[in-house]
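Student: Next comes run.cif, mmCIF, C-alpha atoms:
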data_model
loop_
_atom_site.label_atom_id
_atom_site.label_comp_id
_atom_site.auth_asym_id
_atom_site.auth_seq_id
_atom_site.Cartn_x
_atom_site.Cartn_y
_atom_site.Cartn_z
CA MET K 1 0.00 0.00 0.00
CA THR K 2 1.32 3.45 -0.90
CA GLU K 3 2.01 5.75 2.05
CA ARG K 4 2.03 9.53 1.87
CA TYR K 5 4.61 11.48 3.87
CA ASN K 6 4.31 15.26 4.24
CA THR K 7 6.92 17.86 5.07
CA PRO K 8 6.18 20.22 8.01
CA ASN K 9 5.36 23.36 5.94
CA ILE K 10 7.78 25.57 7.88
CA ASP K 11 9.87 27.13 5.13
CA PRO K 12 10.28 26.31 1.40
CA ILE K 13 14.03 25.69 1.67
CA PHE K 14 13.88 23.66 4.87
CA ASP K 15 10.86 21.68 3.68
CA LEU K 16 12.63 20.63 0.49
CA TYR K 17 15.61 19.34 2.48
CA VAL K 18 13.14 17.34 4.59
CA ALA K 19 11.53 16.00 1.40
CA TYR K 20 14.88 14.86 0.02
CA GLY K 21 15.59 13.23 3.39
CA TYR K 22 12.37 11.26 3.05
CA VAL K 23 13.30 10.26 -0.51
CA GLU K 24 16.75 8.97 0.47
CA SER K 25 15.36 6.97 3.39
CA LEU K 26 12.45 5.51 1.40
CA VAL K 27 14.64 4.47 -1.53
CA ARG K 28 17.07 2.75 0.82
CA ALA K 29 14.19 1.07 2.65
CA GLY K 30 13.57 -0.88 -0.57
CA ALA K 31 10.49 0.74 -2.06
CA LYS K 32 9.24 -1.66 -4.76
CA GLU K 33 7.01 0.86 -6.47
CA GLU K 34 7.97 4.31 -7.73
CA VAL K 35 9.02 6.94 -5.18
CA ILE K 36 7.34 10.23 -6.12
CA LEU K 37 8.05 13.73 -4.83
CA GLU K 38 5.19 16.18 -5.36
CA PRO K 39 5.45 19.97 -4.75
CA ARG K 40 2.47 21.33 -2.80
CA GLY K 41 2.96 25.09 -2.56
CA ALA K 42 5.70 25.71 -0.01
CA SER K 43 5.68 22.10 1.19
CA TYR K 44 5.99 18.63 -0.36
CA SER K 45 4.40 15.20 -0.31
CA ILE K 46 6.36 12.01 -0.89
CA TYR K 47 4.69 8.76 -1.95
CA ALA K 48 6.15 5.27 -1.49
CA ASP K 49 5.04 1.78 -0.47
CA ILE K 50 7.05 1.85 2.78
CA PRO K 51 5.38 1.84 6.25
CA GLU K 52 6.50 4.29 8.95
CA GLU K 53 8.46 1.83 11.11
CA LYS K 54 10.52 0.70 8.13
CA LEU K 55 11.14 4.35 7.24
CA TYR K 56 12.46 5.03 10.75
CA LEU K 57 14.89 2.09 10.59
CA SER K 58 16.13 3.16 7.16
CA LEU K 59 16.64 6.75 8.34
CA ALA K 60 18.66 5.41 11.29
CA ASP K 61 20.93 3.53 8.87
CA VAL K 62 21.42 6.64 6.72
CA LEU K 63 22.33 8.72 9.78
CA GLU K 64 24.80 6.07 10.88
CA GLU K 65 26.51 6.28 7.48
CA MET K 66 26.73 10.08 7.73
CA LEU K 67 28.01 9.97 11.31
CA ALA K 68 30.57 7.30 10.38
CA LEU K 69 31.90 9.67 7.71
CA HIS K 70 32.12 12.44 10.31
CA ARG K 71 34.00 10.20 12.75
CA ALA K 72 36.37 8.98 10.03
CA LEU K 73 37.28 12.55 9.07
CA ALA K 74 37.16 13.97 12.60
CA ARG K 75 39.90 15.96 14.26
CA HIS K 76 40.16 17.83 17.55
CA SER K 77 40.27 21.58 17.02
CA PRO K 78 42.41 23.36 19.66
CA ARG K 79 41.12 26.74 18.44
CA GLU K 80 37.58 25.57 19.20
CA GLY K 81 38.24 24.27 22.68
CA GLY K 82 39.00 20.74 21.52
CA LYS K 83 35.74 20.25 19.63
CA LEU K 84 35.60 17.18 17.43
CA THR K 85 35.05 18.58 13.94
CA SER K 86 35.24 17.31 10.38
CA ASP K 87 34.61 18.43 6.81
CA ALA K 88 31.28 16.58 6.75
CA ASP K 89 28.44 18.84 5.60
CA PHE K 90 26.83 19.01 9.03
CA SER K 91 30.06 19.80 10.89
CA ALA K 92 32.65 22.30 9.61
CA GLY K 93 31.87 21.52 5.96
CA ALA K 94 28.86 23.74 5.21
CA ASN K 95 28.51 25.49 8.57
CA ILE K 96 30.05 28.91 9.02
CA ASN K 97 28.82 29.06 12.64
CA ASN K 98 31.30 27.05 14.72
CA VAL K 99 28.76 26.72 17.54
CA TYR K 100 27.18 23.91 15.52
CA TRP K 101 30.31 22.02 14.49
CA ASP K 102 29.99 19.44 17.23
CA SER K 103 26.38 19.97 18.41
CA ILE K 104 24.80 18.88 15.12
CA PRO K 105 26.52 15.46 15.15
CA ARG K 106 25.34 15.03 18.77
CA ASN K 107 21.75 15.85 17.79
CA LEU K 108 21.88 13.45 14.83
CA GLU K 109 23.24 10.70 17.10
CA LYS K 110 20.36 11.31 19.52
CA ALA K 111 17.88 11.01 16.64
CA ARG K 112 19.53 7.80 15.41
CA GLU K 113 19.29 6.13 18.81
CA SER K 114 15.51 6.56 18.82
CA LEU K 115 15.01 5.72 15.14
CA LYS K 116 16.89 2.42 15.33
CA ARG K 117 14.25 1.27 17.83
CA GLY K 118 11.59 1.99 15.21
CA LYS K 119 10.36 5.19 16.87
CA PRO K 120 10.53 8.84 15.79
CA PRO K 121 12.82 10.99 17.98
CA LYS K 122 11.20 13.40 20.40
CA GLY K 123 12.13 16.98 21.20
CA SER K 124 13.15 20.02 19.19
CA VAL K 125 16.43 21.66 18.24
CA THR K 126 17.60 25.08 17.08
CA MET K 127 17.64 25.62 13.32
CA PRO K 128 21.05 26.45 11.78
CA ILE K 129 21.07 28.97 8.93
CA THR K 130 22.68 26.38 6.63
CA LEU K 131 19.31 24.59 6.41
CA MET K 132 17.21 27.74 6.51
CA PRO K 133 18.87 31.10 5.76
CA SER K 134 15.87 33.02 7.11
CA ALA K 135 16.29 31.37 10.53
CA GLY K 136 18.90 33.84 11.77
CA LYS K 137 19.02 37.60 11.53
CA TYR K 138 22.51 38.49 10.39
CA LEU K 139 23.27 42.06 9.31
CA LEU K 140 26.18 43.20 7.16
CA ARG K 141 29.48 41.93 8.45
CA HIS K 142 30.79 45.28 9.74
CA PHE K 143 27.87 45.31 12.19
CA GLY K 144 28.86 41.87 13.45
CA THR K 145 26.47 39.07 14.30
CA GLN K 146 23.23 40.42 15.69
CA GLY K 147 20.55 38.63 17.69
CA GLY K 148 20.07 34.91 18.11
CA ASN K 149 18.73 32.01 16.14
CA PRO K 150 15.49 31.24 17.97
CA ILE K 151 13.63 29.06 15.45
CA LYS K 152 13.24 25.48 16.69
CA VAL K 153 12.09 22.43 14.73
CA ALA K 154 11.24 18.84 15.60
CA LEU K 155 14.33 16.63 15.89
CA PHE K 156 12.75 14.17 13.40
CA HIS K 157 12.41 16.81 10.68
CA TYR K 158 15.84 18.20 11.55
CA ALA K 159 17.40 14.75 10.99
CA LEU K 160 15.55 14.31 7.69
CA ALA K 161 16.66 17.77 6.55
CA TRP K 162 20.33 17.03 7.19
CA VAL K 163 20.01 13.80 5.23
CA GLY K 164 18.44 15.76 2.38
CA PHE K 165 21.18 18.38 2.50
CA HIS K 166 23.95 15.77 2.74
CA TYR K 167 22.86 13.78 -0.31
CA TYR K 168 20.97 16.24 -2.54
CA ALA K 169 22.19 19.82 -1.98
CA PRO K 170 25.33 20.79 -3.91
CA TYR K 171 27.40 23.47 -2.26
CA LEU K 172 30.74 25.08 -2.93
CA LYS K 173 33.06 26.30 -0.21
CA TYR K 174 35.79 28.84 -0.91
CA THR K 175 38.24 30.27 1.62
CA LYS K 176 40.59 33.20 1.23
CA GLY K 177 42.45 34.59 4.23
CA ASP K 178 40.03 34.83 7.15
CA THR K 179 36.94 34.92 4.92
CA THR K 180 34.93 31.87 3.92
CA TRP K 181 32.06 31.69 1.46
CA VAL K 182 29.70 28.73 1.27
CA HIS K 183 27.44 28.86 -1.80
CA VAL K 184 24.50 26.48 -1.38
CA TYR K 185 22.52 25.40 -4.45
CA GLN K 186 19.16 23.79 -3.75
CA VAL K 187 17.59 22.29 -6.86
CA ALA K 188 13.82 22.66 -6.46
CA PRO K 189 11.35 20.73 -8.64
CA ALA K 190 8.44 22.72 -10.06
CA GLU K 191 6.56 19.54 -10.98
CA GLU K 192 6.15 15.97 -9.77
CA VAL K 193 9.42 14.04 -10.11
CA ASP K 194 10.25 10.34 -10.03
CA ARG K 195 13.13 8.27 -8.70
CA VAL K 196 15.32 8.63 -11.82
CA SER K 197 15.31 12.43 -11.66
CA LEU K 198 15.85 12.39 -7.90
CA LEU K 199 18.87 10.12 -8.19
CA ALA K 200 20.27 12.40 -10.91
CA LEU K 201 20.30 15.17 -8.29
CA LYS K 202 22.49 12.97 -6.11
CA ASP K 203 24.92 12.68 -9.00
CA LEU K 204 25.27 16.46 -9.13
CA LYS K 205 25.96 16.59 -5.39
CA MET K 206 28.62 13.90 -5.61
CA HIS K 207 30.62 15.82 -8.19
CA LEU K 208 30.58 19.25 -6.54
CA PRO K 209 34.01 19.96 -5.03
CA HIS K 210 35.22 22.36 -2.39
CA TYR K 211 37.90 24.90 -3.25
CA TYR K 212 40.58 26.43 -1.09
CA GLU K 213 42.73 28.04 -3.80
CA GLU K 214 43.29 31.71 -3.09
CA ARG K 215 43.89 32.54 -6.77
CA MET K 216 40.28 31.79 -7.75
CA ASP K 217 38.58 34.93 -6.44
CA PHE K 218 35.66 34.54 -8.84
CA LEU K 219 34.45 31.69 -6.61
CA ALA K 220 33.25 34.30 -4.12
CA ASN K 221 30.37 34.98 -6.55
CA ARG K 222 27.59 32.35 -6.35
CA ARG K 223 26.67 32.55 -10.07
CA LEU K 224 30.26 32.18 -11.23
CA ALA K 225 30.88 29.38 -8.74
CA LEU K 226 27.89 27.52 -10.18
CA LEU K 227 29.07 28.09 -13.76
CA TYR K 228 32.54 26.82 -12.84
CA HIS K 229 31.17 23.66 -11.29
CA LEU K 230 28.78 22.85 -14.13
CA LEU K 231 31.51 23.56 -16.67
CA HIS K 232 33.90 21.10 -15.05
CA SER K 233 31.31 18.56 -13.95
CA GLU K 234 31.35 15.17 -15.61
CA SER K 235 27.82 14.52 -14.32
CA LEU K 236 26.57 14.41 -17.90
CA GLY K 237 23.89 11.85 -17.13
CA ALA K 238 22.47 14.15 -14.46
CA LEU K 239 22.49 17.11 -16.81
CA GLU K 240 20.71 15.18 -19.52
CA VAL K 241 18.00 13.90 -17.17
CA LEU K 242 17.40 17.15 -15.32
CA THR K 243 17.13 19.35 -18.39
CA GLU K 244 14.05 17.32 -19.31
CA LYS K 245 12.32 18.49 -16.13
CA GLU K 246 11.24 21.89 -14.86
CA PHE K 247 13.55 22.86 -12.01
CA THR K 248 14.67 26.10 -10.44
CA ILE K 249 17.74 26.51 -8.31
CA ARG K 250 17.56 28.39 -5.04
CA SER K 251 20.98 29.62 -4.12
CA TYR K 252 22.26 31.45 -1.10
CA THR K 253 25.66 32.33 0.24
CA LEU K 254 26.85 32.01 3.83
CA GLU K 255 29.78 34.31 4.50
CA LYS K 256 32.07 34.47 7.51
CA ALA K 257 34.74 37.16 7.85
CA GLY K 258 36.66 36.76 11.09
CA ASN K 259 33.99 36.29 13.74
CA ASN K 260 31.25 38.02 11.75
CA GLN K 261 28.76 36.06 9.69
CA ALA K 262 26.03 36.88 7.22
CA VAL K 263 23.58 35.38 4.75
CA ARG K 264 24.05 36.91 1.32
CA SER K 265 22.96 36.72 -2.29
CA PHE K 266 19.75 34.73 -1.98
CA GLY K 267 18.12 34.16 -5.35
CA GLU K 268 16.41 31.76 -7.71
CA GLU K 269 17.76 30.82 -11.11
CA GLU K 270 16.33 28.78 -13.96
CA VAL K 271 19.22 26.36 -13.74
CA GLY K 272 17.85 24.29 -16.61
CA LYS K 273 18.79 27.05 -19.06
CA LEU K 274 22.39 27.19 -17.87
CA MET K 275 22.70 23.42 -17.78
CA ASP K 276 21.19 23.11 -21.23
CA PHE K 277 23.55 25.81 -22.56
CA LEU K 278 26.65 24.03 -21.27
CA TRP K 279 25.35 20.66 -22.44
CA HIS K 280 24.84 22.14 -25.91
CA LEU K 281 28.32 23.71 -26.04
CA LYS K 282 30.08 20.58 -24.79
CA LYS K 283 28.38 18.47 -27.43
CA GLU K 284 29.26 21.00 -30.14
CA ASP K 285 32.91 21.64 -29.24
CA PHE K 286 33.91 20.18 -25.87
CA TYR K 287 37.57 21.26 -25.83
CA HIS K 288 37.05 24.88 -26.85
CA ALA K 289 33.93 25.28 -24.66
CA VAL K 290 35.79 24.30 -21.49
CA ARG K 291 38.96 26.17 -22.45
CA PHE K 292 37.18 29.44 -23.32
CA LEU K 293 34.79 29.59 -20.36
CA ASP K 294 37.46 28.53 -17.88
CA SER K 295 39.79 31.28 -19.18
CA LEU K 296 36.95 33.79 -19.01
CA LEU K 297 36.21 32.89 -15.38
CA ARG K 298 39.84 33.13 -14.31
CA ASN K 299 40.81 36.24 -16.27
CA ILE K 300 37.62 38.22 -16.98
CA PRO K 301 34.93 37.38 -14.37
CA GLU K 302 32.81 40.28 -15.64
CA GLY K 303 32.68 38.60 -19.05
CA ALA K 304 31.66 35.28 -17.50
CA LEU K 305 28.84 37.04 -15.62
CA ALA K 306 27.71 38.57 -18.92
CA ILE K 307 27.55 35.08 -20.47
CA VAL K 308 25.41 33.84 -17.56
CA ASP K 309 23.13 36.88 -17.94
CA ALA K 310 22.85 36.26 -21.69
CA VAL K 311 21.74 32.67 -21.10
CA LEU K 312 19.42 33.15 -18.14
CA ASN K 313 17.78 36.32 -19.45
CA GLU K 314 18.04 35.56 -23.18
CA ARG K 315 19.98 38.74 -23.94
CA LEU K 316 22.17 38.75 -27.03
CA GLU K 317 23.61 42.14 -26.05
CA SER K 318 25.14 40.57 -22.92
CA PHE K 319 26.65 37.85 -25.09
CA TYR K 320 28.24 40.40 -27.43
CA TYR K 321 29.49 42.40 -24.43
CA ALA K 322 31.21 39.27 -23.11
CA LEU K 323 32.86 38.68 -26.48
CA LYS K 324 34.04 42.31 -26.54
CA LEU K 325 35.68 41.92 -23.13
CA ALA K 326 37.21 38.60 -24.22
CA LYS K 327 38.67 40.10 -27.39
CA ARG K 328 40.31 42.93 -25.42
CA SER K 329 42.06 40.38 -23.22
CA LYS K 330 42.84 38.03 -26.13
CA VAL K 331 40.69 35.25 -24.67
CA MET K 332 38.75 34.36 -27.79
CA PRO K 333 36.51 31.36 -28.47
CA SER K 334 36.69 29.42 -31.74
CA PRO K 335 34.36 30.63 -34.55
CA ARG K 336 32.46 27.35 -34.22
CA LEU K 337 31.86 28.00 -30.52
CA VAL K 338 30.77 31.61 -31.14
CA SER K 339 28.22 30.37 -33.68
CA ALA K 340 26.96 27.70 -31.24
CA MET K 341 26.54 30.20 -28.39
CA GLU K 342 24.86 32.79 -30.58
CA GLY K 343 22.51 30.17 -32.03
CA PHE K 344 21.54 28.89 -28.58
CA ILE K 345 20.67 32.35 -27.23
CA ASN K 346 18.87 33.32 -30.44
CA GLU K 347 16.76 30.19 -30.30
CA ALA K 348 15.85 30.84 -26.66
CA GLN K 349 14.61 34.35 -27.35
CA PRO K 350 10.85 34.73 -27.82
CA HIS K 351 9.88 35.49 -31.41
CA PRO K 352 7.06 37.94 -32.28
CA ALA K 353 3.91 36.42 -33.67
CA PHE K 354 2.92 37.37 -37.17
#
Mind turning the file's structure into structure tokens?

Tutor:
Amino acid sequence: MTERYNTPNIDPIFDLYVAYGYVESLVRAGAKEEVILEPRGASYSIYADIPEEKLYLSLADVLEEMLALHRALARHSPREGGKLTSDADFSAGANINNVYWDSIPRNLEKARESLKRGKPPKGSVTMPITLMPSAGKYLLRHFGTQGGNPIKVALFHYALAWVGFHYYAPYLKYTKGDTTWVHVYQVAPAEEVDRVSLLALKDLKMHLPHYYEERMDFLANRRLALLYHLLHSESLGALEVLTEKEFTIRSYTLEKAGNNQAVRSFGEEEVGKLMDFLWHLKKEDFYHAVRFLDSLLRNIPEGALAIVDAVLNERLESFYYALKLAKRSKVMPSPRLVSAMEGFINEAQPHPAF
């Protein structure tokens, strides 16, 4: 019998992480029929032929895998009072607030202990801004961190959300000096999606690296960081599957400079357009596509931003502006690539009816 699981309807970003947590647990529980994720306004419903108790046991196993990764990578941090931290997403990986580096693993362990007995965990925990950027009120960094983070959620939904983040939310971390940027990219379905599309999202997450090179300043910009990842990603199967579906990408940047932290650059992009563009260029002229766009990112970030604008907003003038900047710096694409890019943007533009 098909069961329906609903997210808590707290916040669109948090609810989608919870939904992906359900999906991961239900797939691993051995769902025989299709696992379906259905958007319902700001919340989601997930359908699968898995009863609740089996879901709880599967979620416990997933959490154990995540915690095992944390323990395997763990190190004691003298600067943090000897806290046990790691580069796992839910420790020092995607968290700019060091208060949570060791408390999140403890909360997930508490949830696992209850779930492995076939029962949902009780209690509530404080929401970190990684899972919900609107949860904390952080002003511009020169004001410092203001206020607290008072929003609390059920431990069960918190555990599901971290599973969803860990397996389905690509993010890119870039550090320069005492400043760290974490760009989070949440791929949100605008229509009902099945298991194949959901697993393609996992493929994107698996191939998203973290960068610590100080010479790549363009990675401080969330749009350019996304372009760089998709350009260098070999997740071609994921790109091909996902461009057949209607998705948007919610992106937000967590920034920490010294002891000050902020949430920046929240936005939504039609990621399908950018993915489709890169897919098209790679098929047309793989070598020159990667070489040109990589050179543009490293040497003329303004030109790379113009390319992104041309694709997302279907503006040929932005495309020609990017080529003008490239020509000045002698970073020119091949004629074949210019024709392919121009043709793609032209085709995307709406044509007047006659």

Student: Quick one: everything within 9 Å of Ala340 (chain K), counting all atoms listed in the file, minus sequence neighbours fewer than 5 positions away in the same chain. Send it as a VMD selection string.

Tutor: chain K and resid 280 to 281 284 to 285 335 345

Student: As an exercise, work out the distance from CA of Leu108 (chain K) to CA of Lys205 (chain K) in Å and give it to one decimal place.

Tutor: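 A separation of 20.9 Å between them.
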
Student: Would you kindly return, as an MDAnalysis selection string, each protein, DNA or RNA residue with an atom no farther than 8 Å from any atom of region 289-292 of chain K, considering all atoms listed in the file and excluding same-chain residues fewer than 5 positions away?

Tutor: chainID K and resid 231:232 281:282 331:333 337

Student: Using C-alpha atoms, can you write the selected residues to a file as a PDB file, in the frame of the given file?

Tutor:
ATOM      1  CA  LEU K 231      31.510  23.560 -16.670  1.00  0.00           C
ATOM      2  CA  HIS K 232      33.900  21.100 -15.050  1.00  0.00           C
ATOM      3  CA  LEU K 281      28.320  23.710 -26.040  1.00  0.00           C
ATOM      4  CA  LYS K 282      30.080  20.580 -24.790  1.00  0.00           C
ATOM      5  CA  VAL K 331      40.690  35.250 -24.670  1.00  0.00           C
ATOM      6  CA  MET K 332      38.750  34.360 -27.790  1.00  0.00           C
ATOM      7  CA  PRO K 333      36.510  31.360 -28.470  1.00  0.00           C
ATOM      8  CA  LEU K 337      31.860  28.000 -30.520  1.00  0.00           C
TER       9      LEU K 337
END

Student: If you count only C-alpha atoms, which residues fall within 8 Å of region 15-20 of chain K, apart from same-chain ones fewer than 5 positions away, as a short mmCIF file (atom, residue, chain, number, x, y, z; two decimals) with C-alpha atoms, in the frame of the given file?

Tutor:
data_model
loop_
_atom_site.label_atom_id
_atom_site.label_comp_id
_atom_site.auth_asym_id
_atom_site.auth_seq_id
_atom_site.Cartn_x
_atom_site.Cartn_y
_atom_site.Cartn_z
CA ASN K 6 4.31 15.26 4.24
CA THR K 7 6.92 17.86 5.07
CA PRO K 8 6.18 20.22 8.01
CA ASN K 9 5.36 23.36 5.94
CA ILE K 10 7.78 25.57 7.88
CA LEU K 37 8.05 13.73 -4.83
CA ALA K 42 5.70 25.71 -0.01
CA SER K 43 5.68 22.10 1.19
CA TYR K 44 5.99 18.63 -0.36
CA SER K 45 4.40 15.20 -0.31
CA ILE K 46 6.36 12.01 -0.89
CA LEU K 131 19.31 24.59 6.41
CA HIS K 157 12.41 16.81 10.68
CA TYR K 158 15.84 18.20 11.55
CA LEU K 160 15.55 14.31 7.69
CA ALA K 161 16.66 17.77 6.55
CA TRP K 162 20.33 17.03 7.19
CA VAL K 163 20.01 13.80 5.23
CA GLY K 164 18.44 15.76 2.38
CA PHE K 165 21.18 18.38 2.50
CA TYR K 168 20.97 16.24 -2.54
CA ALA K 169 22.19 19.82 -1.98
CA ALA K 188 13.82 22.66 -6.46
#

Student: Find the residue from K:Leu323, K:Val62, K:Leu296, K:Leu198 that sits nearest to Glu38 (chain K); use only C-alpha atoms when measuring.

Tutor: K:Leu198

Student: Name all residues at most 7 Å from Glu53 (chain K) (count all atoms listed in the file; drop same-chain ones fewer than 2 positions away) and give them as number ranges by chain.

Tutor: K: 51, 55-57, 118-119

Student: Where does the PyMOL selection byres ((chain K and resi 326) around 10) land in this file, that is, which residues does it pick, as a PyMOL selection string?

Tutor: chain K and resi 292+295-296+299-300+302-304+320-325+327-333

Student: Find the residue from K:Trp101, K:Leu67, K:Arg195, K:Asp178 that sits nearest to Arg28 (chain K); use all atoms listed in the file when measuring.

Tutor: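 Using all atoms listed in the file, the shortest distance to Arg28 (chain K) belongs to K:Arg195.
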
Student: Tell me, in Å to one decimal, how far CA of Arg250 (chain K) is from CA of Val187 (chain K).

Tutor: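 Computing it gives 6.4 Å between the two atoms.
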
Student: Render region 26-52 of chain K from the structure in the preceding block as a file of N, CA and C atoms, as a PDB file, in the first residue's frame.

Tutor:
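Done, and the output landed in part_20.pdb:
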ATOM      1  N   LEU K  26      13.432   6.416   2.010  1.00  0.00           N
ATOM      2  CA  LEU K  26      12.450   5.508   1.400  1.00  0.00           C
ATOM      3  C   LEU K  26      13.077   4.650   0.307  1.00  0.00           C
ATOM      4  N   VAL K  27      13.951   5.243  -0.494  1.00  0.00           N
ATOM      5  CA  VAL K  27      14.636   4.467  -1.534  1.00  0.00           C
ATOM      6  C   VAL K  27      15.495   3.380  -0.895  1.00  0.00           C
ATOM      7  N   ARG K  28      16.212   3.737   0.158  1.00  0.00           N
ATOM      8  CA  ARG K  28      17.074   2.754   0.823  1.00  0.00           C
ATOM      9  C   ARG K  28      16.270   1.695   1.569  1.00  0.00           C
ATOM     10  N   ALA K  29      15.039   2.050   1.952  1.00  0.00           N
ATOM     11  CA  ALA K  29      14.188   1.070   2.647  1.00  0.00           C
ATOM     12  C   ALA K  29      13.690  -0.013   1.705  1.00  0.00           C
ATOM     13  N   GLY K  30      13.934   0.153   0.401  1.00  0.00           N
ATOM     14  CA  GLY K  30      13.572  -0.881  -0.565  1.00  0.00           C
ATOM     15  C   GLY K  30      12.204  -0.724  -1.178  1.00  0.00           C
ATOM     16  N   ALA K  31      11.791   0.517  -1.429  1.00  0.00           N
ATOM     17  CA  ALA K  31      10.489   0.745  -2.063  1.00  0.00           C
ATOM     18  C   ALA K  31      10.411  -0.017  -3.383  1.00  0.00           C
ATOM     19  N   LYS K  32       9.387  -0.847  -3.536  1.00  0.00           N
ATOM     20  CA  LYS K  32       9.239  -1.659  -4.756  1.00  0.00           C
ATOM     21  C   LYS K  32       8.580  -0.861  -5.872  1.00  0.00           C
ATOM     22  N   GLU K  33       7.675   0.012  -5.484  1.00  0.00           N
ATOM     23  CA  GLU K  33       7.013   0.857  -6.474  1.00  0.00           C
ATOM     24  C   GLU K  33       7.781   2.178  -6.611  1.00  0.00           C
ATOM     25  N   GLU K  34       7.316   3.024  -7.492  1.00  0.00           N
ATOM     26  CA  GLU K  34       7.971   4.315  -7.731  1.00  0.00           C
ATOM     27  C   GLU K  34       7.916   5.209  -6.495  1.00  0.00           C
ATOM     28  N   VAL K  35       9.004   5.912  -6.215  1.00  0.00           N
ATOM     29  CA  VAL K  35       9.019   6.940  -5.182  1.00  0.00           C
ATOM     30  C   VAL K  35       8.785   8.275  -5.878  1.00  0.00           C
ATOM     31  N   ILE K  36       7.742   8.985  -5.453  1.00  0.00           N
ATOM     32  CA  ILE K  36       7.342  10.226  -6.117  1.00  0.00           C
ATOM     33  C   ILE K  36       7.445  11.391  -5.142  1.00  0.00           C
ATOM     34  N   LEU K  37       8.017  12.495  -5.607  1.00  0.00           N
ATOM     35  CA  LEU K  37       8.054  13.731  -4.826  1.00  0.00           C
ATOM     36  C   LEU K  37       7.147  14.740  -5.533  1.00  0.00           C
ATOM     37  N   GLU K  38       6.173  15.278  -4.779  1.00  0.00           N
ATOM     38  CA  GLU K  38       5.187  16.181  -5.361  1.00  0.00           C
ATOM     39  C   GLU K  38       5.210  17.536  -4.645  1.00  0.00           C
ATOM     40  N   PRO K  39       5.521  18.634  -5.363  1.00  0.00           N
ATOM     41  CA  PRO K  39       5.448  19.965  -4.746  1.00  0.00           C
ATOM     42  C   PRO K  39       3.999  20.318  -4.413  1.00  0.00           C
ATOM     43  N   ARG K  40       3.803  20.915  -3.230  1.00  0.00           N
ATOM     44  CA  ARG K  40       2.467  21.334  -2.799  1.00  0.00           C
ATOM     45  C   ARG K  40       2.582  22.719  -2.191  1.00  0.00           C
ATOM     46  N   GLY K  41       2.739  23.735  -3.059  1.00  0.00           N
ATOM     47  CA  GLY K  41       2.956  25.093  -2.561  1.00  0.00           C
ATOM     48  C   GLY K  41       4.338  25.213  -1.966  1.00  0.00           C
ATOM     49  N   ALA K  42       4.403  25.577  -0.682  1.00  0.00           N
ATOM     50  CA  ALA K  42       5.697  25.714  -0.008  1.00  0.00           C
ATOM     51  C   ALA K  42       6.135  24.423   0.675  1.00  0.00           C
ATOM     52  N   SER K  43       5.330  23.376   0.566  1.00  0.00           N
ATOM     53  CA  SER K  43       5.680  22.097   1.185  1.00  0.00           C
ATOM     54  C   SER K  43       5.669  20.997   0.122  1.00  0.00           C
ATOM     55  N   TYR K  44       5.873  19.745   0.576  1.00  0.00           N
ATOM     56  CA  TYR K  44       5.993  18.627  -0.361  1.00  0.00           C
ATOM     57  C   TYR K  44       5.336  17.383   0.217  1.00  0.00           C
ATOM     58  N   SER K  45       4.872  16.524  -0.682  1.00  0.00           N
ATOM     59  CA  SER K  45       4.395  15.198  -0.310  1.00  0.00           C
ATOM     60  C   SER K  45       5.254  14.166  -1.026  1.00  0.00           C
ATOM     61  N   ILE K  46       5.543  13.073  -0.329  1.00  0.00           N
ATOM     62  CA  ILE K  46       6.361  12.010  -0.889  1.00  0.00           C
ATOM     63  C   ILE K  46       5.557  10.720  -0.782  1.00  0.00           C
ATOM     64  N   TYR K  47       5.486   9.981  -1.890  1.00  0.00           N
ATOM     65  CA  TYR K  47       4.688   8.758  -1.945  1.00  0.00           C
ATOM     66  C   TYR K  47       5.597   7.547  -2.154  1.00  0.00           C
ATOM     67  N   ALA K  48       5.385   6.506  -1.350  1.00  0.00           N
ATOM     68  CA  ALA K  48       6.153   5.270  -1.493  1.00  0.00           C
ATOM     69  C   ALA K  48       5.433   4.154  -0.749  1.00  0.00           C
ATOM     70  N   ASP K  49       5.697   2.917  -1.120  1.00  0.00           N
ATOM     71  CA  ASP K  49       5.039   1.778  -0.471  1.00  0.00           C
ATOM     72  C   ASP K  49       5.868   1.269   0.710  1.00  0.00           C
ATOM     73  N   ILE K  50       6.236   2.181   1.606  1.00  0.00           N
ATOM     74  CA  ILE K  50       7.048   1.855   2.783  1.00  0.00           C
ATOM     75  C   ILE K  50       6.312   2.320   4.033  1.00  0.00           C
ATOM     76  N   PRO K  51       6.053   1.422   5.011  1.00  0.00           N
ATOM     77  CA  PRO K  51       5.384   1.837   6.251  1.00  0.00           C
ATOM     78  C   PRO K  51       6.325   2.654   7.140  1.00  0.00           C
ATOM     79  N   GLU K  52       5.737   3.361   8.118  1.00  0.00           N
ATOM     80  CA  GLU K  52       6.502   4.286   8.954  1.00  0.00           C
ATOM     81  C   GLU K  52       7.661   3.622   9.690  1.00  0.00           C
TER      82      GLU K  52
END
